[in-house]
file protein06.cif (mmCIF, C-alpha atoms)
data_final
loop_
_atom_site.label_atom_id
_atom_site.label_comp_id
_atom_site.auth_asym_id
_atom_site.auth_seq_id
_atom_site.Cartn_x
_atom_site.Cartn_y
_atom_site.Cartn_z
CA MET H 9 80.60 104.42 75.97
CA ILE H 10 80.95 102.65 79.30
CA VAL H 11 84.44 101.34 78.52
CA PRO H 12 86.34 104.66 78.20
CA ILE H 13 84.46 106.27 81.10
CA ALA H 14 84.95 103.31 83.45
CA SER H 15 88.63 102.94 82.52
CA LEU H 16 89.22 106.69 82.91
CA ILE H 17 87.67 106.77 86.39
CA PHE H 18 89.42 103.57 87.46
CA GLY H 19 92.71 104.90 86.07
CA PHE H 20 92.24 108.13 88.02
CA VAL H 21 91.70 106.18 91.25
CA ILE H 22 94.73 103.93 90.80
CA GLY H 23 96.91 106.85 89.67
CA TYR H 24 95.92 108.74 92.83
CA LEU H 25 96.57 105.70 95.04
CA GLY H 26 99.86 104.99 93.28
CA GLN H 27 101.10 108.51 93.95
CA ARG H 28 100.17 108.30 97.64
CA SER H 29 101.52 104.81 98.31
CA ARG H 30 104.72 104.57 96.13
CA LEU H 31 103.34 101.27 94.86
CA CYS H 32 105.51 99.73 92.15
CA TYR H 33 105.38 96.25 90.69
CA ILE H 34 109.11 95.87 90.02
CA ALA H 35 110.66 97.87 92.85
CA GLY H 36 108.90 95.49 95.26
CA TYR H 37 111.05 92.53 94.21
CA ARG H 38 114.13 94.71 93.67
CA ASP H 39 113.94 96.25 97.16
CA TYR H 40 113.52 92.79 98.63
CA PHE H 41 116.51 91.35 96.74
CA LEU H 42 118.78 94.32 97.44
CA VAL H 43 117.87 95.58 100.93
CA ARG H 44 115.21 93.14 102.25
CA ASP H 45 112.59 95.91 102.40
CA THR H 46 109.06 94.48 102.21
CA TYR H 47 106.88 97.63 102.21
CA VAL H 48 106.23 97.62 98.45
CA LEU H 49 106.23 93.82 98.24
CA LYS H 50 103.17 93.81 100.51
CA GLY H 51 101.33 95.82 97.84
CA MET H 52 101.87 92.98 95.42
CA PHE H 53 100.50 90.44 97.87
CA GLY H 54 97.54 92.78 98.24
CA THR H 55 97.01 92.75 94.47
CA ILE H 56 97.15 88.95 94.32
CA ILE H 57 94.67 88.66 97.20
CA GLY H 58 92.38 91.33 95.75
CA ALA H 59 92.39 89.81 92.25
CA VAL H 60 91.87 86.20 93.40
CA VAL H 61 89.08 87.19 95.80
CA GLY H 62 87.54 89.55 93.23
CA PHE H 63 87.50 87.08 90.34
CA THR H 64 86.20 84.23 92.51
CA LEU H 65 83.54 86.41 94.15
CA PHE H 66 82.28 88.06 90.94
CA HIS H 67 82.35 84.68 89.18
CA PHE H 68 79.88 83.31 91.73
CA LEU H 69 77.87 86.55 91.87
CA GLY H 70 77.21 86.27 88.14
CA GLY H 71 79.59 88.93 86.85
CA ASN H 72 81.17 88.65 83.41
CA ILE H 73 84.09 86.32 84.26
CA PRO H 74 84.15 83.77 81.39
CA GLY H 75 86.49 80.77 81.29
CA PHE H 76 87.61 81.12 84.91
CA PRO H 77 90.09 79.56 85.74
CA MET H 78 91.93 79.96 82.44
CA LEU H 79 94.62 77.22 82.85
CA LEU H 80 96.08 76.47 79.39
CA ASP H 81 93.73 78.62 77.30
CA THR H 82 95.94 80.86 75.12
CA ALA H 83 93.27 82.96 73.35
CA GLY H 84 93.99 81.81 69.81
CA MET H 85 97.78 81.64 69.97
CA ASN H 86 99.45 78.24 69.65
CA LEU H 87 100.80 76.84 72.86
CA LYS H 88 104.50 76.58 71.92
CA SER H 89 104.88 80.24 70.99
CA ALA H 90 102.83 81.27 74.05
CA TRP H 91 105.34 79.52 76.34
CA LEU H 92 108.28 81.00 74.44
CA PHE H 93 106.88 84.55 74.53
CA ALA H 94 106.12 84.22 78.25
CA ILE H 95 109.72 83.23 79.01
CA VAL H 96 111.44 85.76 76.72
CA GLY H 97 109.05 88.60 77.53
CA GLY H 98 109.10 87.91 81.27
CA LEU H 99 112.89 87.84 81.52
CA GLY H 100 113.35 90.92 79.33
CA LEU H 101 110.60 92.94 81.03
CA GLY H 102 111.96 92.10 84.49
CA PHE H 103 115.56 92.90 83.59
CA PHE H 104 114.97 96.18 81.74
CA GLY H 105 112.19 97.21 84.12
CA CYS H 106 114.64 96.82 87.01
CA LEU H 107 117.27 98.89 85.23
CA SER H 108 114.75 101.61 84.35
CA GLY H 109 113.85 102.02 88.02
CA GLY H 110 110.34 100.65 88.26
CA CYS H 111 107.32 99.32 86.43
CA PRO H 112 105.65 101.38 83.66
CA TYR H 113 102.81 102.28 86.05
CA ARG H 114 105.15 103.73 88.69
CA LEU H 115 107.20 105.59 86.12
CA HIS H 116 104.07 107.15 84.57
CA VAL H 117 103.13 108.30 88.09
CA MET H 118 106.62 109.75 88.64
CA ALA H 119 106.50 111.47 85.26
CA SER H 120 103.25 113.11 86.40
CA GLU H 121 105.05 114.34 89.52
CA GLY H 122 107.25 116.45 87.24
CA LYS H 123 110.43 114.33 87.17
CA LYS H 124 111.83 114.95 83.71
CA THR H 125 113.97 111.79 83.85
CA TYR H 126 110.78 109.83 83.35
CA TRP H 127 109.62 112.10 80.56
CA ALA H 128 112.65 110.74 78.68
CA TYR H 129 111.51 107.25 79.71
CA ALA H 130 108.01 107.96 78.39
CA ALA H 131 109.45 109.22 75.09
CA GLY H 132 111.35 105.94 74.67
CA PHE H 133 108.28 104.01 75.79
CA TYR H 134 105.94 105.49 73.18
CA LEU H 135 108.54 105.44 70.42
CA GLY H 136 109.18 101.78 71.27
CA LEU H 137 105.44 101.20 71.00
CA ILE H 138 105.47 102.45 67.40
CA TYR H 139 108.59 100.37 66.71
CA PHE H 140 106.78 97.30 68.06
CA ASN H 141 103.84 97.89 65.73
CA VAL H 142 106.07 98.35 62.71
CA VAL H 143 108.97 95.92 63.27
CA THR H 144 108.72 93.58 66.27
CA THR H 145 105.25 92.32 65.31
CA ARG H 146 106.67 90.99 62.02
CA PHE H 147 109.32 88.97 63.90
CA LEU H 148 106.71 87.59 66.27
CA GLU H 149 104.50 86.54 63.34
CA MET H 150 107.47 84.75 61.75
CA ILE H 151 108.19 82.90 65.02
CA VAL H 152 104.53 81.91 65.40
CA GLN H 153 104.50 80.58 61.81
CA ALA H 154 107.76 78.66 62.34
CA LEU H 155 106.52 76.99 65.53
CA ARG H 156 103.14 75.96 64.07
CA MET X 5 91.22 126.14 101.37
CA SER X 6 93.46 123.24 102.22
CA LEU X 7 92.49 119.79 101.07
CA PRO X 8 92.92 116.88 103.48
CA LYS X 9 96.23 114.98 103.29
CA ILE X 10 95.71 111.36 102.43
CA LYS X 11 98.14 108.55 103.22
CA VAL X 12 97.63 105.10 101.76
CA SER X 13 99.71 101.99 102.46
CA ALA X 14 101.01 99.94 99.53
CA PHE X 15 99.01 96.93 100.73
CA THR X 16 95.72 98.85 100.64
CA ALA X 17 96.47 100.35 97.23
CA GLY X 18 97.41 96.91 95.88
CA THR X 19 94.23 95.33 97.19
CA VAL X 20 92.11 98.09 95.64
CA MET X 21 93.88 97.57 92.31
CA GLY X 22 93.34 93.81 92.33
CA LEU X 23 89.69 94.06 93.33
CA GLY X 24 89.10 96.95 90.92
CA ALA X 25 90.60 95.02 88.02
CA ALA X 26 88.14 92.20 88.69
CA LEU X 27 85.26 94.67 89.13
CA VAL X 28 85.77 96.58 85.87
CA GLN X 29 85.87 93.29 83.98
CA ALA X 30 82.83 91.80 85.72
CA TYR X 31 80.47 94.78 85.52
CA PHE X 32 81.98 97.49 83.27
CA LYS X 33 82.63 95.46 80.11
CA ILE X 34 86.44 95.81 79.92
CA ILE X 35 86.63 92.39 78.24
CA PRO X 36 87.71 90.58 75.94
CA PRO X 37 90.58 89.73 76.38
CA PRO X 38 89.96 88.42 79.91
CA ALA X 39 91.78 89.89 82.95
CA TYR X 40 92.35 93.19 81.14
CA GLY X 41 91.35 95.63 83.91
CA ILE X 42 94.81 97.16 84.29
CA CYS X 43 97.72 96.88 81.90
CA MET X 44 100.33 99.56 81.52
CA VAL X 45 101.71 98.26 78.25
CA CYS X 46 98.53 97.07 76.50
CA HIS X 47 96.35 100.07 77.37
CA PRO X 48 98.87 102.61 76.00
CA LYS X 49 99.16 100.39 72.93
CA ASP X 50 95.37 100.38 72.49
CA LEU X 51 95.21 104.16 72.80
CA VAL X 52 98.11 104.82 70.40
CA ASN X 53 96.91 102.22 67.89
CA TRP X 54 93.38 103.62 67.98
CA ILE X 55 94.62 107.16 67.38
CA ALA X 56 96.97 106.01 64.59
CA ASP X 57 94.34 103.85 62.91
CA HIS X 58 91.63 106.53 63.03
CA LEU X 59 93.71 109.63 62.30
CA LEU X 60 96.64 108.39 60.22
CA GLY X 61 94.94 105.47 58.50
CA THR X 62 97.40 102.76 59.60
CA ALA X 63 96.25 99.17 60.07
CA TRP X 64 97.91 98.27 63.35
CA GLY X 65 94.73 96.73 64.75
CA ASN X 66 93.44 96.52 68.29
CA VAL X 67 91.99 94.10 70.82
CA THR X 68 88.21 93.66 70.85
CA VAL X 69 87.46 95.96 73.77
CA SER X 70 89.27 98.92 72.15
CA THR X 71 88.09 98.63 68.53
CA THR X 72 85.32 101.26 68.66
CA VAL X 73 86.49 103.41 71.58
CA PRO X 74 89.86 102.86 73.34
CA VAL X 75 90.43 102.28 77.06
CA LEU X 76 91.66 105.46 78.76
CA THR X 77 93.37 104.01 81.85
CA VAL X 78 96.71 105.69 81.06
CA VAL X 79 95.09 109.14 80.81
CA GLY X 80 93.35 108.48 84.12
CA ILE X 81 96.58 107.38 85.82
CA VAL X 82 98.48 110.46 84.65
CA LEU X 83 95.63 112.77 85.72
CA GLY X 84 95.15 111.02 89.07
CA ALA X 85 98.85 111.09 89.93
CA PHE X 86 99.09 114.75 88.87
CA VAL X 87 96.11 115.73 91.04
CA ALA X 88 97.48 113.78 94.01
CA ALA X 89 100.93 115.36 93.61
CA ARG X 90 99.51 118.89 93.33
CA GLN X 91 97.16 118.38 96.28
CA HIS X 92 100.01 117.30 98.55
CA GLY X 93 102.58 119.81 97.29
CA GLU X 94 104.76 117.10 95.76
CA PHE X 95 104.68 118.33 92.17
CA ARG X 96 108.14 119.65 91.33
CA LEU X 97 109.83 119.99 87.97
CA GLU X 98 113.16 118.20 88.32
CA PRO X 99 115.84 118.11 85.62
CA ALA X 100 116.49 114.81 83.85
CA ARG X 101 119.25 112.47 85.01
CA GLU X 102 120.70 110.10 82.35
CA PRO X 103 117.89 110.78 79.83
CA ILE X 104 119.40 108.59 77.09
CA PHE X 105 119.71 105.58 79.39
CA HIS X 106 116.08 105.97 80.48
CA PHE X 107 114.98 106.48 76.88
CA ILE X 108 116.59 103.15 75.92
CA THR X 109 115.19 101.26 78.92
CA GLY X 110 111.72 102.62 78.15
CA PHE X 111 112.09 101.42 74.57
CA MET X 112 113.13 97.92 75.71
CA VAL X 113 110.46 97.69 78.43
CA ILE X 114 107.57 98.33 76.05
CA ASN X 115 108.89 95.85 73.48
CA PHE X 116 109.47 93.01 75.95
CA GLY X 117 106.21 93.89 77.70
CA LEU X 118 104.28 93.51 74.47
CA ILE X 119 106.06 90.22 73.69
CA LEU X 120 104.89 89.01 77.10
CA GLY X 121 101.49 90.59 76.39
CA SER X 122 101.19 92.19 79.80
CA CYS X 123 102.84 94.56 82.22
CA PRO X 124 104.04 93.60 85.74
CA ILE X 125 100.53 94.40 87.04
CA ARG X 126 98.53 92.49 84.47
CA ILE X 127 100.81 89.43 84.79
CA ILE X 128 99.65 89.24 88.45
CA ILE X 129 96.02 89.68 87.42
CA VAL X 130 96.19 87.04 84.66
CA SER X 131 98.01 84.68 87.04
CA SER X 132 95.18 85.23 89.52
CA TYR X 133 92.77 84.38 86.69
CA GLY X 134 94.41 80.94 86.70
CA SER X 135 96.49 81.05 83.50
CA LEU X 136 99.47 78.67 83.79
CA ILE X 137 101.33 80.46 81.00
CA ALA X 138 101.00 83.74 82.89
CA ILE X 139 102.33 82.07 86.05
CA LEU X 140 105.40 80.96 84.05
CA GLY X 141 105.77 84.51 82.70
CA TYR X 142 105.44 85.87 86.24
CA ALA X 143 108.20 83.53 87.48
CA CYS X 144 110.43 84.63 84.58
CA LEU X 145 109.66 88.29 85.42
CA ILE X 146 110.88 87.75 88.99
CA VAL X 147 114.03 86.01 87.70
CA GLY X 148 114.55 88.96 85.33
CA VAL X 149 114.22 91.45 88.20
CA PHE X 150 116.70 89.36 90.21
CA LEU X 151 119.22 89.52 87.34
CA GLY X 152 118.54 93.26 87.02
CA SER X 153 119.17 93.72 90.76
CA LEU X 154 122.50 91.91 90.45
CA THR X 155 123.40 94.21 87.55
CA LEU X 156 122.46 97.31 89.56
CA ARG X 157 124.60 96.09 92.46
CA TRP X 158 127.50 95.42 90.09
CA ILE X 159 127.19 98.92 88.56
CA ALA X 160 127.13 100.50 92.04
CA ARG X 161 130.18 98.51 93.20
CA ARG X 162 132.17 99.42 90.10
CA TYR X 163 131.26 103.10 90.57
CA VAL X 164 132.43 103.03 94.21
CA GLN X 165 135.69 101.28 93.27
CA ARG X 166 136.42 103.82 90.54
CA ARG X 167 135.73 106.71 92.91
CA ALA X 168 138.04 105.12 95.50
CA ALA X 169 140.76 104.62 92.89
CA ALA X 170 140.46 108.20 91.72
#
call {"tool": "encode", "arguments": {"input": "protein06.cif", "output": "C-alpha coordinates"}}
result
Amino acid sequence: MIVPIASLIFGFVIGYLGQRSRLCYIAGYRDYFLVRDTYVLKGMFGTIIGAVVGFTLFHFLGGNIPGFPMLLDTAGMNLKSAWLFAIVGGLGLGFFGCLSGGCPYRLHVMASEGKKTYWAYAAGFYLGLIYFNVVTTRFLEMIVQALR
Amino acid sequence: MSLPKIKVSAFTAGTVMGLGAALVQAYFKIIPPPAYGICMVCHPKDLVNWIADHLLGTAWGNVTVSTTVPVLTVVGIVLGAFVAARQHGEFRLEPAREPIFHFITGFMVINFGLILGSCPIRIIIVSSYGSLIAILGYACLIVGVFLGSLTLRWIARRYVQRRAAA
(Lines of atoms letter the chains of each structure in order from A and count residues from 1; the text may use other names and numbers.)
(Lines give C-alpha, C1' and ligand atoms only; values in the text may rest on other atoms or scores of the structure.)
Protein backbone atom coordinates (compact mmCIF):
# COMPACT_ATOMS: atom_id res chain seq x y z
CA MET A 1 0.00 0.00 0.00
CA ILE A 2 3.01 2.29 0.22
CA VAL A 3 3.02 3.05 -3.52
CA PRO A 4 -0.37 4.82 -3.83
CA ILE A 5 0.03 6.66 -0.52
CA ALA A 6 3.56 7.87 -1.28
CA SER A 7 2.65 8.91 -4.83
CA LEU A 8 -0.50 10.69 -3.62
CA ILE A 9 1.41 12.70 -0.99
CA PHE A 10 4.28 13.46 -3.38
CA GLY A 11 1.77 14.46 -6.07
CA PHE A 12 0.03 16.78 -3.62
CA VAL A 13 3.34 18.47 -2.77
CA ILE A 14 4.41 18.97 -6.38
CA GLY A 15 0.91 20.10 -7.40
CA TYR A 16 0.99 22.70 -4.62
CA LEU A 17 4.50 23.86 -5.59
CA GLY A 18 3.58 23.93 -9.27
CA GLN A 19 0.62 26.20 -8.59
CA ARG A 20 2.74 28.59 -6.53
CA SER A 21 5.75 28.73 -8.85
CA ARG A 22 4.24 28.57 -12.41
CA LEU A 23 6.76 25.81 -13.12
CA CYS A 24 6.32 24.29 -16.57
CA TYR A 25 8.64 21.98 -18.45
CA ILE A 26 7.85 23.24 -21.95
CA ALA A 27 7.14 26.93 -21.34
CA GLY A 28 10.69 27.20 -19.97
CA TYR A 29 12.27 26.55 -23.37
CA ARG A 30 9.48 28.38 -25.22
CA ASP A 31 9.86 31.55 -23.13
CA TYR A 32 13.60 31.43 -23.66
CA PHE A 33 13.30 31.01 -27.44
CA LEU A 34 10.61 33.67 -27.84
CA VAL A 35 11.37 36.38 -25.26
CA ARG A 36 14.65 35.30 -23.57
CA ASP A 37 12.91 34.93 -20.19
CA THR A 38 14.81 32.51 -17.93
CA TYR A 39 12.59 32.37 -14.81
CA VAL A 40 10.95 29.04 -15.68
CA LEU A 41 14.10 27.68 -17.33
CA LYS A 42 15.84 27.91 -13.95
CA GLY A 43 13.25 25.46 -12.60
CA MET A 44 14.42 22.92 -15.12
CA PHE A 45 18.04 23.38 -14.12
CA GLY A 46 16.86 22.88 -10.56
CA THR A 47 15.21 19.58 -11.54
CA ILE A 48 18.36 18.35 -13.29
CA ILE A 49 20.50 19.28 -10.28
CA GLY A 50 18.02 17.77 -7.81
CA ALA A 51 17.67 14.52 -9.76
CA VAL A 52 21.40 14.03 -10.39
CA VAL A 53 22.29 14.82 -6.77
CA GLY A 54 19.39 12.71 -5.47
CA PHE A 55 20.14 9.61 -7.55
CA THR A 56 23.88 9.79 -6.84
CA LEU A 57 23.36 10.40 -3.12
CA PHE A 58 20.71 7.71 -2.58
CA HIS A 59 22.75 5.29 -4.70
CA PHE A 60 25.65 5.62 -2.27
CA LEU A 61 23.39 5.71 0.80
CA GLY A 62 22.00 2.31 -0.17
CA GLY A 63 18.60 3.33 -1.52
CA ASN A 64 16.88 1.31 -4.23
CA ILE A 65 18.65 2.77 -7.31
CA PRO A 66 19.45 -0.29 -9.49
CA GLY A 67 21.47 -0.09 -12.71
CA PHE A 68 22.64 3.48 -12.14
CA PRO A 69 23.84 4.93 -14.54
CA MET A 70 21.55 3.38 -17.12
CA LEU A 71 23.51 4.23 -20.34
CA LEU A 72 22.19 1.99 -23.15
CA ASP A 73 19.87 -0.22 -21.10
CA THR A 74 16.45 -0.12 -22.82
CA ALA A 75 14.40 -2.25 -20.39
CA GLY A 76 13.55 -5.06 -22.79
CA MET A 77 12.96 -3.04 -25.95
CA ASN A 78 15.35 -3.49 -28.87
CA LEU A 79 17.78 -0.67 -29.37
CA LYS A 80 16.77 0.40 -32.89
CA SER A 81 13.12 1.00 -32.04
CA ALA A 82 14.12 2.71 -28.77
CA TRP A 83 16.17 5.29 -30.72
CA LEU A 84 13.37 5.74 -33.25
CA PHE A 85 10.68 6.21 -30.58
CA ALA A 86 12.88 8.68 -28.70
CA ILE A 87 13.32 10.83 -31.81
CA VAL A 88 9.70 10.68 -33.05
CA GLY A 89 8.17 10.98 -29.58
CA GLY A 90 10.51 13.78 -28.51
CA LEU A 91 9.88 15.91 -31.60
CA GLY A 92 6.11 15.36 -31.51
CA LEU A 93 5.78 15.92 -27.77
CA GLY A 94 7.85 19.13 -27.94
CA PHE A 95 5.96 20.51 -30.94
CA PHE A 96 2.41 19.76 -29.77
CA GLY A 97 3.25 20.55 -26.16
CA CYS A 98 4.43 23.99 -27.27
CA LEU A 99 1.24 24.57 -29.26
CA SER A 100 -0.95 23.42 -26.37
CA GLY A 101 0.62 26.02 -24.08
CA GLY A 102 2.67 23.97 -21.64
CA CYS A 103 3.59 20.54 -20.38
CA PRO A 104 0.87 18.11 -19.17
CA TYR A 105 1.84 18.83 -15.55
CA ARG A 106 1.35 22.60 -15.90
CA LEU A 107 -1.90 22.18 -17.79
CA HIS A 108 -3.30 19.82 -15.13
CA VAL A 109 -2.41 22.50 -12.56
CA MET A 110 -4.13 25.20 -14.64
CA ALA A 111 -7.18 22.97 -15.09
CA SER A 112 -7.35 22.71 -11.29
CA GLU A 113 -7.31 26.52 -11.11
CA GLY A 114 -10.66 26.49 -12.91
CA LYS A 115 -9.56 27.41 -16.45
CA LYS A 116 -12.04 25.57 -18.65
CA THR A 117 -9.72 25.80 -21.68
CA TYR A 118 -7.60 23.14 -20.04
CA TRP A 119 -10.61 21.03 -19.17
CA ALA A 120 -10.98 20.66 -22.95
CA TYR A 121 -7.27 19.81 -23.08
CA ALA A 122 -7.75 17.17 -20.36
CA ALA A 123 -10.70 15.67 -22.27
CA GLY A 124 -8.50 15.29 -25.37
CA PHE A 125 -5.66 14.01 -23.20
CA TYR A 126 -7.66 11.17 -21.62
CA LEU A 127 -9.48 10.29 -24.83
CA GLY A 128 -6.08 10.17 -26.56
CA LEU A 129 -4.91 7.84 -23.80
CA ILE A 130 -7.69 5.38 -24.65
CA TYR A 131 -6.91 5.78 -28.37
CA PHE A 132 -3.26 4.97 -27.63
CA ASN A 133 -4.24 1.77 -25.81
CA VAL A 134 -6.54 0.66 -28.60
CA VAL A 135 -4.81 1.84 -31.81
CA THR A 136 -1.34 3.38 -31.45
CA THR A 137 0.03 0.42 -29.45
CA ARG A 138 -0.70 -1.88 -32.42
CA PHE A 139 1.35 0.35 -34.75
CA LEU A 140 4.21 0.47 -32.27
CA GLU A 141 4.19 -3.33 -31.96
CA MET A 142 4.34 -3.63 -35.77
CA ILE A 143 7.31 -1.23 -35.91
CA VAL A 144 9.12 -3.12 -33.14
CA GLN A 145 8.56 -6.41 -35.01
CA ALA A 146 9.76 -4.91 -38.32
CA LEU A 147 12.96 -3.52 -36.79
CA ARG A 148 13.88 -6.75 -34.96
CA MET B 1 -8.83 32.52 9.69
CA SER B 2 -6.42 33.45 6.95
CA LEU B 3 -3.82 30.96 5.89
CA PRO B 4 -0.28 32.19 5.22
CA LYS B 5 0.55 33.16 1.63
CA ILE B 6 3.35 31.07 0.23
CA LYS B 7 5.60 32.08 -2.65
CA VAL B 8 7.97 29.58 -4.21
CA SER B 9 10.51 30.23 -6.96
CA ALA B 10 10.60 27.93 -9.99
CA PHE B 11 14.17 26.91 -9.13
CA THR B 12 13.19 25.75 -5.63
CA ALA B 13 10.14 23.88 -6.91
CA GLY B 14 12.23 22.21 -9.62
CA THR B 15 14.89 21.13 -7.15
CA VAL B 16 12.25 19.66 -4.82
CA MET B 17 10.74 17.76 -7.75
CA GLY B 18 14.08 16.32 -8.86
CA LEU B 19 15.12 15.31 -5.35
CA GLY B 20 11.64 13.99 -4.56
CA ALA B 21 11.59 11.84 -7.70
CA ALA B 22 14.85 10.23 -6.58
CA LEU B 23 13.56 9.86 -2.99
CA VAL B 24 10.28 8.12 -3.84
CA GLN B 25 12.17 5.64 -6.00
CA ALA B 26 14.92 4.99 -3.44
CA TYR B 27 12.79 4.55 -0.32
CA PHE B 28 9.08 4.38 -1.29
CA LYS B 29 9.18 1.55 -3.86
CA ILE B 30 7.98 3.48 -6.94
CA ILE B 31 10.07 1.17 -9.15
CA PRO B 32 10.30 -0.67 -11.65
CA PRO B 33 10.62 0.89 -14.22
CA PRO B 34 13.54 2.98 -12.93
CA ALA B 35 13.32 6.80 -12.69
CA TYR B 36 9.53 6.68 -12.47
CA GLY B 37 8.97 9.13 -9.60
CA ILE B 38 7.10 11.70 -11.69
CA CYS B 39 5.58 11.20 -15.12
CA MET B 40 2.55 13.09 -16.31
CA VAL B 41 1.82 10.79 -19.22
CA CYS B 42 2.70 7.38 -17.72
CA HIS B 43 1.01 7.88 -14.35
CA PRO B 44 -2.35 8.89 -15.90
CA LYS B 45 -1.97 5.89 -18.21
CA ASP B 46 -1.35 3.58 -15.23
CA LEU B 47 -4.41 4.92 -13.41
CA VAL B 48 -6.72 4.71 -16.45
CA ASN B 49 -5.43 1.28 -17.46
CA TRP B 50 -5.83 -0.03 -13.92
CA ILE B 51 -9.40 1.23 -13.71
CA ALA B 52 -10.24 -0.14 -17.17
CA ASP B 53 -8.63 -3.51 -16.52
CA HIS B 54 -10.27 -3.97 -13.12
CA LEU B 55 -13.72 -2.52 -13.82
CA LEU B 56 -14.27 -3.06 -17.55
CA GLY B 57 -12.23 -6.22 -17.99
CA THR B 58 -9.92 -4.92 -20.74
CA ALA B 59 -6.38 -6.26 -21.10
CA TRP B 60 -4.41 -3.06 -21.63
CA GLY B 61 -1.75 -4.06 -19.11
CA ASN B 62 0.38 -1.97 -16.80
CA VAL B 63 3.95 -1.46 -15.66
CA THR B 64 5.15 -3.52 -12.69
CA VAL B 65 4.72 -0.85 -10.03
CA SER B 66 1.05 -0.29 -10.90
CA THR B 67 -0.17 -3.87 -11.40
CA THR B 68 -1.76 -4.38 -7.96
CA VAL B 69 -2.47 -0.78 -6.95
CA PRO B 70 -1.89 2.19 -9.31
CA VAL B 71 0.24 5.27 -8.64
CA LEU B 72 -1.94 8.26 -7.70
CA THR B 73 0.40 11.15 -8.57
CA VAL B 74 -2.13 12.77 -10.93
CA VAL B 75 -4.84 12.81 -8.26
CA GLY B 76 -2.34 14.35 -5.85
CA ILE B 77 -1.29 17.03 -8.34
CA VAL B 78 -4.88 18.03 -9.09
CA LEU B 79 -5.74 18.14 -5.36
CA GLY B 80 -2.56 20.02 -4.44
CA ALA B 81 -3.01 22.63 -7.16
CA PHE B 82 -6.69 23.05 -6.23
CA VAL B 83 -5.86 23.55 -2.55
CA ALA B 84 -3.08 26.03 -3.38
CA ALA B 85 -5.36 27.97 -5.74
CA ARG B 86 -8.21 28.12 -3.19
CA GLN B 87 -5.87 29.10 -0.36
CA HIS B 88 -4.49 32.05 -2.32
CA GLY B 89 -7.78 33.15 -3.89
CA GLU B 90 -6.65 32.21 -7.39
CA PHE B 91 -9.39 29.69 -8.15
CA ARG B 92 -11.65 31.21 -10.79
CA LEU B 93 -13.90 29.51 -13.31
CA GLU B 94 -12.91 30.95 -16.68
CA PRO B 95 -14.69 30.14 -19.95
CA ALA B 96 -12.85 28.03 -22.52
CA ARG B 97 -10.88 29.66 -25.35
CA GLU B 98 -10.43 27.54 -28.52
CA PRO B 99 -11.60 24.29 -26.86
CA ILE B 100 -11.35 22.20 -30.05
CA PHE B 101 -7.75 23.26 -30.69
CA HIS B 102 -6.79 22.39 -27.11
CA PHE B 103 -8.70 19.10 -27.33
CA ILE B 104 -6.64 18.13 -30.41
CA THR B 105 -3.31 19.21 -28.91
CA GLY B 106 -4.10 17.22 -25.75
CA PHE B 107 -4.84 14.19 -27.90
CA MET B 108 -1.53 14.54 -29.79
CA VAL B 109 0.52 15.27 -26.65
CA ILE B 110 -0.53 12.07 -24.87
CA ASN B 111 0.09 9.93 -27.96
CA PHE B 112 3.56 11.31 -28.69
CA GLY B 113 4.34 11.30 -24.97
CA LEU B 114 3.54 7.61 -24.73
CA ILE B 115 5.61 6.88 -27.87
CA LEU B 116 8.50 8.61 -26.12
CA GLY B 117 7.55 6.79 -22.91
CA SER B 118 7.86 9.86 -20.73
CA CYS B 119 6.62 13.38 -20.21
CA PRO B 120 8.85 16.51 -20.28
CA ILE B 121 9.53 15.99 -16.55
CA ARG B 122 10.38 12.31 -16.65
CA ILE B 123 12.66 12.79 -19.68
CA ILE B 124 14.80 15.04 -17.44
CA ILE B 125 14.71 12.49 -14.63
CA VAL B 126 15.63 9.55 -16.90
CA SER B 127 18.38 11.66 -18.49
CA SER B 128 19.69 12.35 -15.00
CA TYR B 129 19.59 8.58 -14.41
CA GLY B 130 22.19 8.36 -17.19
CA SER B 131 20.14 6.91 -20.07
CA LEU B 132 21.67 7.93 -23.41
CA ILE B 133 18.42 7.23 -25.26
CA ALA B 134 16.58 9.59 -22.92
CA ILE B 135 19.22 12.27 -23.54
CA LEU B 136 18.56 11.91 -27.29
CA GLY B 137 14.81 12.14 -26.62
CA TYR B 138 15.39 15.21 -24.47
CA ALA B 139 17.38 16.90 -27.26
CA CYS B 140 14.59 16.08 -29.74
CA LEU B 141 12.03 17.49 -27.27
CA ILE B 142 13.92 20.80 -27.17
CA VAL B 143 14.12 20.85 -30.99
CA GLY B 144 10.37 20.15 -31.08
CA VAL B 145 9.67 23.05 -28.70
CA PHE B 146 11.87 25.28 -30.88
CA LEU B 147 9.83 24.34 -33.97
CA GLY B 148 6.63 24.90 -31.98
CA SER B 149 7.87 28.35 -30.91
CA LEU B 150 8.56 29.26 -34.54
CA THR B 151 5.04 28.12 -35.41
CA LEU B 152 3.53 30.21 -32.60
CA ARG B 153 5.49 33.25 -33.79
CA TRP B 154 4.32 32.64 -37.36
CA ILE B 155 0.68 32.36 -36.23
CA ALA B 156 0.99 35.59 -34.22
CA ARG B 157 2.57 37.47 -37.14
CA ARG B 158 -0.09 36.31 -39.57
CA TYR B 159 -2.82 37.36 -37.12
CA VAL B 160 -1.30 40.85 -36.76
CA GLN B 161 -0.94 41.23 -40.54
CA ARG B 162 -4.56 40.22 -41.11
CA ARG B 163 -5.76 42.66 -38.46
CA ALA B 164 -3.68 45.42 -40.06
CA ALA B 165 -5.06 44.58 -43.50
CA ALA B 166 -8.61 44.61 -42.20
call {"tool": "residues_around", "arguments": {"input": "protein06.cif", "residues": "region 71-79 of chain H", "least_positions_apart": "2", "cutoff": "12 Å", "atoms": "only C-alpha atoms", "output": "ChimeraX atom specification"}}
result
/H:60,62-69,81-83,87 /X:25-41,129-140
call {"tool": "resolve_selection", "arguments": {"input": "protein06.cif", "expression": "the PyMOL selection byres ((chain X and resi 101) around 8)", "output": "JSON, numbers by chain"}}
result
{"H": [124, 125], "X": [99, 100, 102, 103]}
call {"tool": "resolve_selection", "arguments": {"input": "protein06.cif", "expression": "the PyMOL selection byres ((chain X and resi 67-84) around 9)", "output": "PyMOL selection string"}}
result
(chain H and resi 9+11-27+113+116-117+119-120) or (chain X and resi 33-37+41-44+47-48+50-55+65-66+85-89)
call {"tool": "closest_residue", "arguments": {"input": "protein06.cif", "among": "H:Gly98, H:Phe103, H:Arg28, H:Arg44", "to": "Ile119 (chain X)", "atoms": "only C-alpha atoms"}}
result
H:Gly98
call {"tool": "closest_residue", "arguments": {"input": "protein06.cif", "among": "X:Tyr142, X:Trp64, X:Leu59, X:Ala14", "to": "Arg126 (chain X)", "atoms": "all atoms listed in the file"}}
result
X:Tyr142
call {"tool": "atom_distance", "arguments": {"input": "protein06.cif", "atom1": "CA of Arg96 (chain X)", "atom2": "CA of Gly18 (chain X)"}}
result
25.6 Å
call {"tool": "resolve_selection", "arguments": {"input": "protein06.cif", "expression": "the PyMOL selection byres ((chain H and resi 130) around 8)", "output": "list in words"}}
result
His116, Ala119, Tyr126, Trp127, Ala128, Tyr129, Ala131, Gly132, Phe133 and Tyr134 of chain H; Phe107 and Gly110 of chain X
call {"tool": "atom_distance", "arguments": {"input": "protein06.cif", "atom1": "CA of Gly51 (chain H)", "atom2": "CA of Phe150 (chain X)"}}
result
18.3 Å
call {"tool": "axis_aligned_box", "arguments": {"input": "protein06.cif", "around": "region 58-74 of chain H", "padding_each_side": "6 Å", "output": "AutoDock Vina command-line options"}}
result
--center_x 84.8 --center_y 87.3 --center_z 88.6 --size_x 27.2 --size_y 20.0 --size_z 26.4
